[in-house]
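Chemist: This is the content of upload.txt (compact mmCIF, C-alpha atoms and all ligand atoms):
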# COMPACT_ATOMS: atom_id res chain seq x y z
CA VAL A 1 33.50 26.36 7.50
CA ARG A 2 35.33 29.04 9.45
CA ARG A 3 39.01 28.34 8.81
CA ILE A 4 40.90 25.60 7.01
CA TRP A 5 44.07 24.62 8.86
CA CYS A 6 46.53 22.28 7.16
CA VAL A 7 49.34 20.22 8.68
CA GLY A 8 52.65 20.03 6.81
CA ARG A 9 54.81 16.90 6.69
CA ASN A 10 52.83 14.45 8.81
CA TYR A 11 53.63 11.14 7.05
CA ILE A 12 57.24 9.90 7.01
CA GLU A 13 57.20 8.63 3.40
CA HIS A 14 55.94 12.01 2.15
CA ILE A 15 58.70 13.81 4.10
CA ARG A 16 61.22 11.53 2.39
CA GLU A 17 59.80 12.09 -1.09
CA MET A 18 60.00 15.87 -0.48
CA GLY A 19 63.57 15.56 0.83
CA GLN A 20 62.83 17.17 4.21
CA ASP A 21 64.06 16.65 7.78
CA GLU A 22 62.20 13.75 9.39
CA ARG A 23 62.78 14.81 12.98
CA LEU A 24 61.14 18.23 12.95
CA PRO A 25 57.66 18.68 14.43
CA PRO A 26 54.89 19.44 11.95
CA PHE A 27 53.86 22.98 11.16
CA TYR A 28 50.70 24.62 9.89
CA PHE A 29 49.39 26.74 7.08
CA ALA A 30 45.87 27.82 6.15
CA LYS A 31 43.56 28.03 3.18
CA PRO A 32 40.56 30.35 2.81
CA ALA A 33 37.20 28.76 3.63
CA ASP A 34 35.89 29.59 0.17
CA ALA A 35 38.57 27.39 -1.43
CA ILE A 36 36.38 24.34 -0.73
CA VAL A 37 35.10 22.38 -3.74
CA PRO A 38 32.35 19.86 -2.89
CA ASP A 39 32.22 16.18 -3.86
CA GLY A 40 31.49 15.82 -7.57
CA GLY A 41 32.83 19.30 -8.30
CA THR A 42 35.27 20.55 -10.90
CA VAL A 43 38.53 22.34 -10.08
CA PRO A 44 39.58 24.77 -12.82
CA TYR A 45 43.28 24.25 -13.50
CA PRO A 46 44.85 27.20 -11.65
CA SER A 47 46.87 30.01 -13.17
CA LEU A 48 50.66 30.43 -13.12
CA THR A 49 51.57 26.80 -12.37
CA LYS A 50 52.87 23.96 -14.51
CA ASP A 51 52.94 21.50 -11.60
CA MET A 52 49.72 21.24 -9.54
CA HIS A 53 49.92 18.28 -7.16
CA HIS A 54 47.21 16.31 -5.36
CA GLU A 55 47.56 15.53 -1.63
CA VAL A 56 44.78 13.31 -0.25
CA GLU A 57 44.16 13.98 3.45
CA LEU A 58 41.91 13.03 6.37
CA VAL A 59 39.82 16.10 7.27
CA VAL A 60 38.69 16.77 10.85
CA ALA A 61 35.78 19.15 11.51
CA LEU A 62 35.41 20.82 14.92
CA LYS A 63 32.17 21.41 16.83
CA SER A 64 33.94 23.30 19.60
CA GLY A 65 37.42 24.54 20.37
CA GLY A 66 39.43 26.57 22.80
CA ARG A 67 43.00 27.41 23.66
CA ASN A 68 45.55 24.99 25.13
CA ILE A 69 43.29 21.97 24.69
CA PRO A 70 44.79 18.91 26.43
CA VAL A 71 45.40 15.89 24.18
CA ALA A 72 43.01 13.86 26.36
CA LYS A 73 40.17 16.37 25.72
CA ALA A 74 40.84 16.99 22.02
CA ASN A 75 38.47 14.36 20.63
CA ASP A 76 35.59 16.05 22.50
CA CYS A 77 35.98 18.99 20.08
CA ILE A 78 35.43 16.90 16.94
CA TRP A 79 32.12 17.00 15.04
CA GLY A 80 33.16 14.58 12.35
CA TYR A 81 35.47 13.59 9.54
CA ALA A 82 35.75 13.79 5.75
CA VAL A 83 38.13 13.14 2.88
CA GLY A 84 39.87 16.15 1.35
CA ILE A 85 42.60 17.13 -1.10
CA ASP A 86 45.23 19.76 -0.35
CA LEU A 87 45.81 20.90 -3.93
CA THR A 88 49.23 22.49 -4.27
CA ARG A 89 50.92 24.59 -6.96
CA ARG A 90 54.15 22.71 -6.18
CA ASP A 91 56.40 24.84 -8.39
CA LEU A 92 55.19 28.04 -6.73
CA GLN A 93 55.31 26.52 -3.23
CA ILE A 94 58.91 25.43 -3.72
CA ALA A 95 59.87 28.81 -5.20
CA SER A 96 58.35 30.53 -2.14
CA ARG A 97 60.07 28.11 0.22
CA ASP A 98 63.44 28.67 -1.42
CA LEU A 99 63.02 32.45 -1.16
CA LYS A 100 61.85 32.13 2.49
CA ARG A 101 58.53 33.66 1.51
CA PRO A 102 55.04 32.57 2.66
CA TRP A 103 53.33 29.59 1.00
CA GLU A 104 49.97 31.23 0.24
CA ILE A 105 50.42 31.42 -3.52
CA GLY A 106 51.38 27.75 -3.66
CA LYS A 107 48.76 26.47 -1.22
CA ALA A 108 45.87 28.88 -0.65
CA PHE A 109 44.63 29.54 -4.18
CA ASP A 110 41.02 29.45 -5.39
CA HIS A 111 39.44 25.95 -5.47
CA SER A 112 42.48 24.49 -3.65
CA ALA A 113 40.54 22.55 -0.98
CA PRO A 114 38.18 19.88 -2.35
CA CYS A 115 36.35 18.32 0.60
CA GLY A 116 33.81 15.51 0.67
CA PRO A 117 30.73 15.40 2.88
CA LEU A 118 31.36 15.50 6.63
CA ARG A 119 30.28 12.43 8.53
CA PRO A 120 29.58 12.69 12.26
CA VAL A 121 31.65 10.90 14.89
CA SER A 122 28.53 8.89 15.75
CA GLU A 123 29.00 7.14 12.38
CA THR A 124 32.78 7.07 11.99
CA GLY A 125 34.14 6.90 15.52
CA HIS A 126 37.62 8.42 15.79
CA PRO A 127 39.59 6.64 13.03
CA THR A 128 43.23 5.87 13.91
CA LYS A 129 43.90 3.32 11.19
CA GLY A 130 42.54 2.47 7.76
CA LYS A 131 43.56 2.99 4.17
CA ILE A 132 43.84 6.50 2.71
CA THR A 133 44.03 6.39 -1.08
CA LEU A 134 43.87 8.55 -4.20
CA LYS A 135 43.33 7.27 -7.71
CA CYS A 136 43.93 9.40 -10.80
CA ASN A 137 41.93 8.19 -13.82
CA GLY A 138 41.53 4.84 -12.09
CA LYS A 139 45.23 4.37 -11.36
CA LEU A 140 46.34 4.19 -7.71
CA ARG A 141 48.75 7.01 -6.90
CA GLN A 142 48.58 7.52 -3.14
CA ASP A 143 48.17 4.52 -0.86
CA GLY A 144 48.76 5.13 2.84
CA ASP A 145 47.25 4.27 6.18
CA LEU A 146 46.03 6.58 8.94
CA ASN A 147 48.25 4.62 11.34
CA GLN A 148 51.23 6.26 9.58
CA LEU A 149 50.35 9.75 10.89
CA ILE A 150 53.36 11.07 12.79
CA TRP A 151 51.22 13.35 14.94
CA ASN A 152 47.75 11.90 15.50
CA VAL A 153 44.55 13.93 15.44
CA PRO A 154 44.30 14.71 19.19
CA GLU A 155 47.97 15.77 19.22
CA ILE A 156 47.39 18.07 16.22
CA ILE A 157 44.33 19.69 17.83
CA SER A 158 46.17 20.18 21.12
CA ASN A 159 49.32 21.56 19.48
CA LEU A 160 47.45 23.89 17.13
CA SER A 161 45.33 25.20 20.03
CA GLU A 162 48.54 26.42 21.66
CA MET A 163 49.09 28.65 18.63
CA VAL A 164 45.56 29.88 17.93
CA GLU A 165 42.14 29.58 19.53
CA LEU A 166 40.20 26.86 17.73
CA VAL A 167 36.49 27.44 17.17
CA ALA A 168 33.50 25.42 15.95
CA GLY A 169 33.55 25.36 12.16
CA ASP A 170 37.30 25.10 11.88
CA ILE A 171 38.46 22.16 9.80
CA ILE A 172 41.92 20.60 9.78
CA MET A 173 43.55 18.81 6.83
CA THR A 174 45.90 16.42 8.61
CA GLY A 175 48.68 15.84 6.08
CA THR A 176 49.24 13.56 3.11
CA PRO A 177 50.86 10.16 2.63
CA SER A 178 53.46 9.64 -0.10
CA GLY A 179 52.64 9.45 -3.80
CA VAL A 180 51.90 13.11 -4.46
CA ALA A 181 52.10 13.87 -8.18
CA ALA A 182 51.03 16.28 -10.87
CA THR A 183 47.43 16.44 -12.00
CA VAL A 184 46.20 18.07 -15.23
CA ALA A 185 42.99 19.19 -16.88
CA GLY A 186 40.80 16.19 -17.63
CA ASP A 187 41.96 14.11 -14.68
CA LYS A 188 39.40 12.43 -12.43
CA LEU A 189 40.63 12.18 -8.83
CA GLU A 190 38.92 9.56 -6.64
CA CYS A 191 39.85 9.57 -2.96
CA GLU A 192 38.83 7.33 -0.09
CA VAL A 193 39.54 7.06 3.59
CA GLU A 194 38.45 3.71 4.96
CA GLY A 195 35.55 4.12 7.36
CA VAL A 196 35.19 7.85 6.59
CA GLY A 197 34.07 8.14 2.99
CA LYS A 198 34.91 9.13 -0.55
CA LEU A 199 35.54 12.23 -2.60
CA THR A 200 35.60 12.56 -6.38
CA VAL A 201 36.60 15.72 -8.25
CA THR A 202 37.52 16.49 -11.83
CA ILE A 203 40.26 18.86 -12.92
CA GLY A 204 38.88 21.19 -15.56
CA PRO A 205 40.42 23.61 -18.05
CA PRO A 206 41.80 26.92 -16.80
CA LEU A 207 39.33 29.78 -16.29
CA LYS A 208 39.35 32.33 -19.11
MN MN B 1 49.07 18.73 2.60
Could you render the structure from this file as structure tokens?
Modeler:
Amino acid sequence: VRRIWCVGRNYIEHIREMGQDERLPPFYFAKPADAIVPDGGTVPYPSLTKDMHHEVELVVALKSGGRNIPVAKANDCIWGYAVGIDLTRRDLQIASRDLKRPWEIGKAFDHSAPCGPLRPVSETGHPTKGKITLKCNGKLRQDGDLNQLIWNVPEIISNLSEMVELVAGDIIMTGTPSGVAATVAGDKLECEVEGVGKLTVTIGPPLK
């Protein structure tokens, strides 16, 4: 993985639960590539927060890129898809937002990007609908559908490529449906995107 790009506010119900403007275009932030935690892994509960949230997301992995990619050519850049979680220190993100400071400390911390195995387009096609869910300790918390994405995957790739050059190895976390909530040490998070796959991670105790 080269870079992890994340889309903010891309499902209407999540925008409403966060109390944000529904008419604004999405925006982007990034996480470091070494924040990835593989399927079956454990996320140590991070420092400084009392409110880490889960955000289940469809992940897109690029095999090529470019600048100013037309929407109609964007799918040609995709290697495959996976299920990921944009883990968020919500209290620190909101504090940064309120102070008009960057979101890194809330979003781009160590182990903040669990990501399941990538599956190639030859197996998944380009999914535009299908359930996207997260269960915490067996209880359904997030239950959306890919057809609720405000900006779809080709539009995201095209728009982001106007801002930066996209390159093979970049992955994009495409935003979360509603139902985000706090997760604590001991929780088992089970995520699924219909037709793409599954991801299970455990939240562990804080690092000493
Ligand atoms: Mn997110």
Chemist: From the options A:Pro70, A:Gly195, A:Gly106, A:Pro120, which residue's atoms come nearest to Asp86 in chain A, counting only C-alpha atoms?
Modeler: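 Between A:Pro70, A:Gly195, A:Gly106, A:Pro120, the residue approaching Asp86 in chain A most closely is A:Gly106.
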Chemist: What's the 10 Å shell around range 14-18 of chain A, counting all atoms listed in the file, without same-chain residues fewer than 3 positions away, as a PDB file with C-alpha atoms, in the frame of the given file?
Modeler:
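Result written to result24.pdb:
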ATOM      1  CA  GLY A   8      52.650  20.030   6.810  1.00  0.00           C
ATOM      2  CA  ARG A   9      54.810  16.900   6.690  1.00  0.00           C
ATOM      3  CA  ASN A  10      52.830  14.450   8.810  1.00  0.00           C
ATOM      4  CA  TYR A  11      53.630  11.140   7.050  1.00  0.00           C
ATOM      5  CA  ASP A  21      64.060  16.650   7.780  1.00  0.00           C
ATOM      6  CA  GLU A  22      62.200  13.750   9.390  1.00  0.00           C
ATOM      7  CA  ARG A  23      62.780  14.810  12.980  1.00  0.00           C
ATOM      8  CA  GLU A  55      47.560  15.530  -1.630  1.00  0.00           C
ATOM      9  CA  GLY A 144      48.760   5.130   2.840  1.00  0.00           C
ATOM     10  CA  GLY A 175      48.680  15.840   6.080  1.00  0.00           C
ATOM     11  CA  THR A 176      49.240  13.560   3.110  1.00  0.00           C
ATOM     12  CA  PRO A 177      50.860  10.160   2.630  1.00  0.00           C
ATOM     13  CA  SER A 178      53.460   9.640  -0.100  1.00  0.00           C
ATOM     14  CA  GLY A 179      52.640   9.450  -3.800  1.00  0.00           C
ATOM     15  CA  VAL A 180      51.900  13.110  -4.460  1.00  0.00           C
TER      16      VAL A 180
END
Chemist: If we count all atoms listed in the file and set the cut-off at 12 Å, which residues sit around Pro117 in chain A, ignoring sequence neighbours fewer than 3 positions away in its own chain? Please answer as an mmCIF file with C-alpha atoms, keeping the file's coordinate frame.
Modeler:
data_model
loop_
_atom_site.group_PDB
_atom_site.id
_atom_site.type_symbol
_atom_site.label_atom_id
_atom_site.label_comp_id
_atom_site.auth_asym_id
_atom_site.auth_seq_id
_atom_site.Cartn_x
_atom_site.Cartn_y
_atom_site.Cartn_z
ATOM 1 C CA ILE A 36 36.380 24.340 -0.730
ATOM 2 C CA VAL A 37 35.100 22.380 -3.740
ATOM 3 C CA PRO A 38 32.350 19.860 -2.890
ATOM 4 C CA ASP A 39 32.220 16.180 -3.860
ATOM 5 C CA GLY A 40 31.490 15.820 -7.570
ATOM 6 C CA LEU A 58 41.910 13.030 6.370
ATOM 7 C CA VAL A 59 39.820 16.100 7.270
ATOM 8 C CA VAL A 60 38.690 16.770 10.850
ATOM 9 C CA ALA A 61 35.780 19.150 11.510
ATOM 10 C CA GLY A 80 33.160 14.580 12.350
ATOM 11 C CA TYR A 81 35.470 13.590 9.540
ATOM 12 C CA ALA A 82 35.750 13.790 5.750
ATOM 13 C CA VAL A 83 38.130 13.140 2.880
ATOM 14 C CA GLY A 84 39.870 16.150 1.350
ATOM 15 C CA PRO A 114 38.180 19.880 -2.350
ATOM 16 C CA PRO A 120 29.580 12.690 12.260
ATOM 17 C CA GLU A 192 38.830 7.330 -0.090
ATOM 18 C CA VAL A 196 35.190 7.850 6.590
ATOM 19 C CA GLY A 197 34.070 8.140 2.990
ATOM 20 C CA LYS A 198 34.910 9.130 -0.550
ATOM 21 C CA LEU A 199 35.540 12.230 -2.600
ATOM 22 C CA THR A 200 35.600 12.560 -6.380
#
Chemist: Between A:Ser64, A:Leu87, A:Pro46, A:Met52, which has the minimum distance to ligand MN 1 (chain B) (counting only C-alpha atoms and all ligand atoms)?
Modeler: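 For ligand MN 1 (chain B), the nearest of the given residues is A:Leu87.
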Chemist: Within 12 Å of (48.1, 26.8, 5.3), all atoms listed in the file: residues as number ranges by chain?
Modeler: A: 3-8, 27-33, 35, 86-88, 93, 102-109, 112-113, 171-175
Chemist: Kindly export the residues of the current selection with C-alpha atoms, as a compact mmCIF listing (two decimals), in the frame of the given file.
Modeler:
# COMPACT_ATOMS: atom_id res chain seq x y z
CA ARG A 3 39.01 28.34 8.81
CA ILE A 4 40.90 25.60 7.01
CA TRP A 5 44.07 24.62 8.86
CA CYS A 6 46.53 22.28 7.16
CA VAL A 7 49.34 20.22 8.68
CA GLY A 8 52.65 20.03 6.81
CA PHE A 27 53.86 22.98 11.16
CA TYR A 28 50.70 24.62 9.89
CA PHE A 29 49.39 26.74 7.08
CA ALA A 30 45.87 27.82 6.15
CA LYS A 31 43.56 28.03 3.18
CA PRO A 32 40.56 30.35 2.81
CA ALA A 33 37.20 28.76 3.63
CA ALA A 35 38.57 27.39 -1.43
CA ASP A 86 45.23 19.76 -0.35
CA LEU A 87 45.81 20.90 -3.93
CA THR A 88 49.23 22.49 -4.27
CA GLN A 93 55.31 26.52 -3.23
CA PRO A 102 55.04 32.57 2.66
CA TRP A 103 53.33 29.59 1.00
CA GLU A 104 49.97 31.23 0.24
CA ILE A 105 50.42 31.42 -3.52
CA GLY A 106 51.38 27.75 -3.66
CA LYS A 107 48.76 26.47 -1.22
CA ALA A 108 45.87 28.88 -0.65
CA PHE A 109 44.63 29.54 -4.18
CA SER A 112 42.48 24.49 -3.65
CA ALA A 113 40.54 22.55 -0.98
CA ILE A 171 38.46 22.16 9.80
CA ILE A 172 41.92 20.60 9.78
CA MET A 173 43.55 18.81 6.83
CA THR A 174 45.90 16.42 8.61
CA GLY A 175 48.68 15.84 6.08
Chemist: Counting only C-alpha atoms and all ligand atoms, figure out which residue out of A:Gln148, A:Leu134, A:Val56, A:Ala95 gets nearest to ligand MN 1 (chain B).
Modeler: A:Val56
Chemist: Determine the nearest neighbour of ligand MN 1 (chain B) from the options A:Thr128, A:His53, A:Lys139, A:Leu92, counting all atoms listed in the file.
Modeler: A:His53
Chemist: My list of candidates is A:Ile85, A:Asp76, A:Glu13, A:Gly204. Which is closest to ligand MN 1 (chain B) when distances are computed with all atoms listed in the file?
Modeler: A:Ile85
Chemist: Can you work out the spacing between CA of Ser158 in chain A and CA of Pro26 in chain A in Å, to one decimal?
Modeler: 12.7 Å
Chemist: Can you pull out the residues contacting Ala185 in chain A? Cut-off 12 Å, using all atoms listed in the file, and skip same-chain residues under 3 positions away; I want them as number ranges by chain.
Modeler: A: 42-46, 50-53, 136-137, 182, 188-189, 201-207
Chemist: Could you work out how far CA of Pro154 in chain A lies from CA of Trp79 in chain A, giving the answer in Å with one decimal?
Modeler: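 Separation between CA of Trp79 in chain A and CA of Pro154 in chain A: 13.1 Å.
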Chemist: Using all atoms listed in the file for the distances, tell me which of A:Gly169, A:Ser47, A:Lys73, A:Arg2 is nearest to Lys208 in chain A.
Modeler: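 Of the candidates, the smallest distance to Lys208 in chain A is held by A:Ser47.
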Chemist: Suppose you want the space between CA of Val193 in chain A and CA of Val1 in chain A; what is it in Å?
Modeler: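 For CA of Val193 in chain A relative to CA of Val1 in chain A, the distance reads 20.6 Å.
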Chemist: Find the residues near Gly65 in chain A: any atom within 6 Å, counting only C-alpha atoms, skip ones fewer than 2 places away on the same chain, and give them as a PyMOL selection string.
Modeler: chain A and resi 77+166-168
Chemist: Might I get the box with edges along x, y and z of the file that holds all atoms of range 148-167 of chain A listed there, padded by 3 Å on every side, given as centre and edge lengths in Å to one decimal, as lines of an AutoDock Vina configuration file?
Modeler:
center_x = 44.9
center_y = 18.1
center_z = 15.6
size_x = 22.9
size_y = 29.6
size_z = 18.1
Chemist: Using all atoms listed in the file, give me every residue within 10 Å of (48.7, 24.1, 28.1) in file coordinates, as a PyMOL selection string.
Modeler: chain A and resi 67-71+158-159+161-162
Chemist: With the input short on atoms, add all heavy atoms back to range 110-121 of chain A and write it as a PDB file, keeping the file's coordinate frame.
Modeler:
ATOM      1  N   ASP A 110      42.448  29.756  -5.198  1.00  0.00           N
ATOM      2  CA  ASP A 110      41.020  29.450  -5.390  1.00  0.00           C
ATOM      3  C   ASP A 110      40.837  27.977  -5.741  1.00  0.00           C
ATOM      4  O   ASP A 110      41.613  27.417  -6.517  1.00  0.00           O
ATOM      5  CB  ASP A 110      40.440  30.300  -6.531  1.00  0.00           C
ATOM      6  CG  ASP A 110      40.595  31.794  -6.291  1.00  0.00           C
ATOM      7  OD1 ASP A 110      40.670  32.199  -5.117  1.00  0.00           O
ATOM      8  OD2 ASP A 110      40.636  32.540  -7.284  1.00  0.00           O
ATOM      9  N   HIS A 111      39.800  27.347  -5.183  1.00  0.00           N
ATOM     10  CA  HIS A 111      39.440  25.950  -5.470  1.00  0.00           C
ATOM     11  C   HIS A 111      40.512  24.950  -5.009  1.00  0.00           C
ATOM     12  O   HIS A 111      40.579  23.838  -5.518  1.00  0.00           O
ATOM     13  CB  HIS A 111      39.197  25.739  -6.984  1.00  0.00           C
ATOM     14  CG  HIS A 111      38.349  26.797  -7.623  1.00  0.00           C
ATOM     15  ND1 HIS A 111      36.991  26.883  -7.426  1.00  0.00           N
ATOM     16  CD2 HIS A 111      38.671  27.831  -8.437  1.00  0.00           C
ATOM     17  CE1 HIS A 111      36.512  27.915  -8.111  1.00  0.00           C
ATOM     18  NE2 HIS A 111      37.511  28.510  -8.717  1.00  0.00           N
ATOM     19  N   SER A 112      41.345  25.343  -4.040  1.00  0.00           N
ATOM     20  CA  SER A 112      42.480  24.490  -3.650  1.00  0.00           C
ATOM     21  C   SER A 112      42.144  23.481  -2.552  1.00  0.00           C
ATOM     22  O   SER A 112      43.037  22.745  -2.121  1.00  0.00           O
ATOM     23  CB  SER A 112      43.653  25.360  -3.181  1.00  0.00           C
ATOM     24  OG  SER A 112      43.288  26.115  -2.040  1.00  0.00           O
ATOM     25  N   ALA A 113      40.879  23.431  -2.111  1.00  0.00           N
ATOM     26  CA  ALA A 113      40.540  22.550  -0.980  1.00  0.00           C
ATOM     27  C   ALA A 113      39.289  21.713  -1.235  1.00  0.00           C
ATOM     28  O   ALA A 113      38.281  21.847  -0.535  1.00  0.00           O
ATOM     29  CB  ALA A 113      40.369  23.377   0.298  1.00  0.00           C
ATOM     30  N   PRO A 114      39.319  20.800  -2.217  1.00  0.00           N
ATOM     31  CA  PRO A 114      38.180  19.880  -2.350  1.00  0.00           C
ATOM     32  C   PRO A 114      37.946  19.127  -1.042  1.00  0.00           C
ATOM     33  O   PRO A 114      38.909  18.701  -0.393  1.00  0.00           O
ATOM     34  CB  PRO A 114      38.632  18.921  -3.467  1.00  0.00           C
ATOM     35  CG  PRO A 114      39.627  19.696  -4.268  1.00  0.00           C
ATOM     36  CD  PRO A 114      40.350  20.558  -3.246  1.00  0.00           C
ATOM     37  N   CYS A 115      36.677  18.990  -0.657  1.00  0.00           N
ATOM     38  CA  CYS A 115      36.350  18.320   0.600  1.00  0.00           C
ATOM     39  C   CYS A 115      35.020  17.600   0.455  1.00  0.00           C
ATOM     40  O   CYS A 115      34.033  18.203   0.052  1.00  0.00           O
ATOM     41  CB  CYS A 115      36.289  19.334   1.744  1.00  0.00           C
ATOM     42  SG  CYS A 115      36.039  18.597   3.374  1.00  0.00           S
ATOM     43  N   GLY A 116      35.029  16.312   0.749  1.00  0.00           N
ATOM     44  CA  GLY A 116      33.810  15.510   0.670  1.00  0.00           C
ATOM     45  C   GLY A 116      32.870  15.812   1.817  1.00  0.00           C
ATOM     46  O   GLY A 116      33.169  16.624   2.693  1.00  0.00           O
ATOM     47  N   PRO A 117      31.710  15.157   1.820  1.00  0.00           N
ATOM     48  CA  PRO A 117      30.730  15.400   2.880  1.00  0.00           C
ATOM     49  C   PRO A 117      31.264  14.997   4.255  1.00  0.00           C
ATOM     50  O   PRO A 117      31.919  13.966   4.387  1.00  0.00           O
ATOM     51  CB  PRO A 117      29.534  14.536   2.479  1.00  0.00           C
ATOM     52  CG  PRO A 117      30.047  13.573   1.468  1.00  0.00           C
ATOM     53  CD  PRO A 117      31.246  14.180   0.827  1.00  0.00           C
ATOM     54  N   LEU A 118      30.974  15.829   5.258  1.00  0.00           N
ATOM     55  CA  LEU A 118      31.360  15.500   6.630  1.00  0.00           C
ATOM     56  C   LEU A 118      30.448  14.394   7.155  1.00  0.00           C
ATOM     57  O   LEU A 118      29.244  14.435   6.946  1.00  0.00           O
ATOM     58  CB  LEU A 118      31.212  16.729   7.528  1.00  0.00           C
ATOM     59  CG  LEU A 118      32.109  17.914   7.223  1.00  0.00           C
ATOM     60  CD1 LEU A 118      31.725  19.088   8.119  1.00  0.00           C
ATOM     61  CD2 LEU A 118      33.569  17.559   7.410  1.00  0.00           C
ATOM     62  N   ARG A 119      31.074  13.449   7.835  1.00  0.00           N
ATOM     63  CA  ARG A 119      30.280  12.430   8.530  1.00  0.00           C
ATOM     64  C   ARG A 119      30.514  12.564  10.032  1.00  0.00           C
ATOM     65  O   ARG A 119      31.645  12.742  10.473  1.00  0.00           O
ATOM     66  CB  ARG A 119      30.658  11.034   8.049  1.00  0.00           C
ATOM     67  CG  ARG A 119      30.141  10.775   6.623  1.00  0.00           C
ATOM     68  CD  ARG A 119      30.418   9.367   6.195  1.00  0.00           C
ATOM     69  NE  ARG A 119      29.784   8.394   7.086  1.00  0.00           N
ATOM     70  CZ  ARG A 119      30.244   7.156   7.265  1.00  0.00           C
ATOM     71  NH1 ARG A 119      31.344   6.764   6.651  1.00  0.00           N
ATOM     72  NH2 ARG A 119      29.615   6.328   8.064  1.00  0.00           N
ATOM     73  N   PRO A 120      29.444  12.456  10.822  1.00  0.00           N
ATOM     74  CA  PRO A 120      29.580  12.690  12.260  1.00  0.00           C
ATOM     75  C   PRO A 120      30.324  11.539  12.952  1.00  0.00           C
ATOM     76  O   PRO A 120      30.316  10.400  12.488  1.00  0.00           O
ATOM     77  CB  PRO A 120      28.134  12.763  12.745  1.00  0.00           C
ATOM     78  CG  PRO A 120      27.338  12.008  11.744  1.00  0.00           C
ATOM     79  CD  PRO A 120      28.046  12.188  10.417  1.00  0.00           C
ATOM     80  N   VAL A 121      30.927  11.893  14.081  1.00  0.00           N
ATOM     81  CA  VAL A 121      31.650  10.900  14.890  1.00  0.00           C
ATOM     82  C   VAL A 121      30.751   9.723  15.257  1.00  0.00           C
ATOM     83  O   VAL A 121      31.219   8.583  15.362  1.00  0.00           O
ATOM     84  CB  VAL A 121      32.210  11.582  16.157  1.00  0.00           C
ATOM     85  CG1 VAL A 121      32.712  10.553  17.155  1.00  0.00           C
ATOM     86  CG2 VAL A 121      33.321  12.553  15.780  1.00  0.00           C
TER      87      VAL A 121
END
